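Visitor: Following this message is one structure expressed as structure tokens.
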Amino acid sequence: MCRRSLIYNIILSKKQCPKCSMKPMSKKFDEAVNIYSPNGHLIQVEYAEAAVRKASTVVGLCTQECIILGAEKRAIDVLQLQRTSYKIKKIDEHIAMTFAGLTADARILASRAQMEAQSHRLNFNSPANVEHIARFLAKLKQNYTQCFGRRPFGVACLVGGFDCDGKPHLFQTDPSGIYYEWMANTTGRMAQTVNEYLTKNLSAISTIPDTLSAMKHVVRALQTATSSDVSFFDIAVLKYKQPIEIVSMDKIKYLTELIKQETVGYTTRRHFGFI
């Protein structure tokens, strides 16, 4: 046997390194977004969903007369301008969006949604309905889950607004590219806790009499998710044929005081057996 053949046989007979054989299965399939793992998962998409689960909490509430969007924001530097840290984006005169996840990704999605809304107005001489924008965002996200050389958007969006007939809608889009319509929904790091609050108060939410009551429910939901001061809350109100209103910090503090008074009154009545 020649020397070259002998070396080749020795290489083939070598056992695999134990460290290489211990490499997790998922690590072999997460290098490209369009490669399925053996159990049928796209690992990169799951990583994007994990980024959403670790992000700040956002809440959306849909009533007959308004859409309320609330978001928990991170602490900002004292030298940073407040107006650059809002997590609620205006898509059109009748549509707004908030998000949980990577802010840079959300900025790109909001910009694309704004261009789509403008294009719809120019082409059809009418504003786009809310589902059209939600479907556009979902399709854009889904395209990034099947193209080599790209990564999924690490953002979940809550899109709310009014159609031409005055009917309100609230949609959520996920990094995988799916979207659903909700009466109230939440996403982010404390989504499960907030969802429990929304589910527990479903009957009250479904019969909300006015905008103030709806705003109080959103503030309560955010307070269940975080112990941060109300100065870290962003809340926006959208009504039919009215410009979007970013709720001032003084009004949020006023709502917080109302909630405290209602909580104290409810506790007192329970203590003395009046209810």
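Chain lettering (A, B, ...) mirrors the order of the structure tokens, residue numbering begins at 1 for each chain separately, and ligand numbering begins at 1 in order of display.
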Which neighbours of Lys90 (chain A) fall inside 10 Å, counting only C-alpha atoms, when residues of the same chain fewer than 3 positions from it are skipped, and could you give them as a tab-separated table (two decimals) with N, CA and C atoms, in the first residue's frame?
Guide:
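Final output, result39.tsv:
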chain	number	residue	atom	x	y	z
A	93	GLU	N	-53.75	59.06	9.01
A	93	GLU	CA	-54.62	59.87	9.84
A	93	GLU	C	-55.55	59.03	10.70
A	94	HIS	N	-55.82	57.79	10.28
A	94	HIS	CA	-56.80	56.96	10.97
A	94	HIS	C	-56.20	55.65	11.49
A	95	ILE	N	-54.87	55.49	11.41
A	95	ILE	CA	-54.22	54.25	11.83
A	95	ILE	C	-52.97	54.59	12.64
A	96	ALA	N	-52.77	53.85	13.73
A	96	ALA	CA	-51.57	53.99	14.56
A	96	ALA	C	-51.02	52.61	14.89
A	97	MET	N	-49.76	52.57	15.30
A	97	MET	CA	-49.10	51.30	15.57
A	97	MET	C	-48.18	51.44	16.78
A	98	THR	N	-48.15	50.41	17.60
A	98	THR	CA	-47.14	50.29	18.64
A	98	THR	C	-46.49	48.92	18.50
A	110	ALA	N	-42.61	50.61	10.29
A	110	ALA	CA	-43.52	51.77	10.33
A	110	ALA	C	-43.34	52.63	9.08
A	111	SER	N	-42.11	52.80	8.64
A	111	SER	CA	-41.86	53.60	7.43
A	111	SER	C	-42.48	52.95	6.20
A	113	ALA	N	-45.03	50.87	6.19
A	113	ALA	CA	-46.48	50.94	6.32
A	113	ALA	C	-46.99	52.33	5.97
A	114	GLN	N	-46.25	53.37	6.35
A	114	GLN	CA	-46.64	54.73	6.00
A	114	GLN	C	-46.62	54.92	4.48
A	159	VAL	N	-51.58	47.03	15.58
A	159	VAL	CA	-52.05	48.04	14.62
A	159	VAL	C	-53.53	48.29	14.87
A	236	ALA	N	-51.69	56.41	23.64
A	236	ALA	CA	-52.27	57.18	22.54
A	236	ALA	C	-53.74	56.81	22.38
A	243	PRO	N	-57.73	63.47	14.90
A	243	PRO	CA	-56.29	63.20	14.91
A	243	PRO	C	-55.88	62.39	16.12
A	244	ILE	N	-54.82	61.62	15.96
A	244	ILE	CA	-54.32	60.80	17.06
A	244	ILE	C	-53.86	61.71	18.20
Visitor: Please list as a ChimeraX atom specification every residue within 7 Å of region 210-218 of chain A, counting only C-alpha atoms and excluding residues in the same chain fewer than 2 positions away.
Guide: /A:59,66,68,70,208,220-222,255
Visitor: Got a sec to tell me which of region 169-251 of chain A DSSP assigns to helix (DSSP H, G or I), as an MDAnalysis selection string?
Guide: chainID A and resid 191:200 202:206 211:225 230:232 249:251
Visitor: Could you list, as an NGL selection string, every residue within 8 Å of Ala117 (chain A), counting only C-alpha atoms and ignoring same-chain residues fewer than 4 positions away?
Guide: :A and (91-92 or 113 or 121 or 127-128 or 133)
Visitor: For a test of reading the model, state the distance in Å between CA of Lys167 (chain A) and CA of Ile108 (chain A), rounded to one decimal.
Guide: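 Pair CA of Lys167 (chain A) / CA of Ile108 (chain A) returns 27.6 Å.
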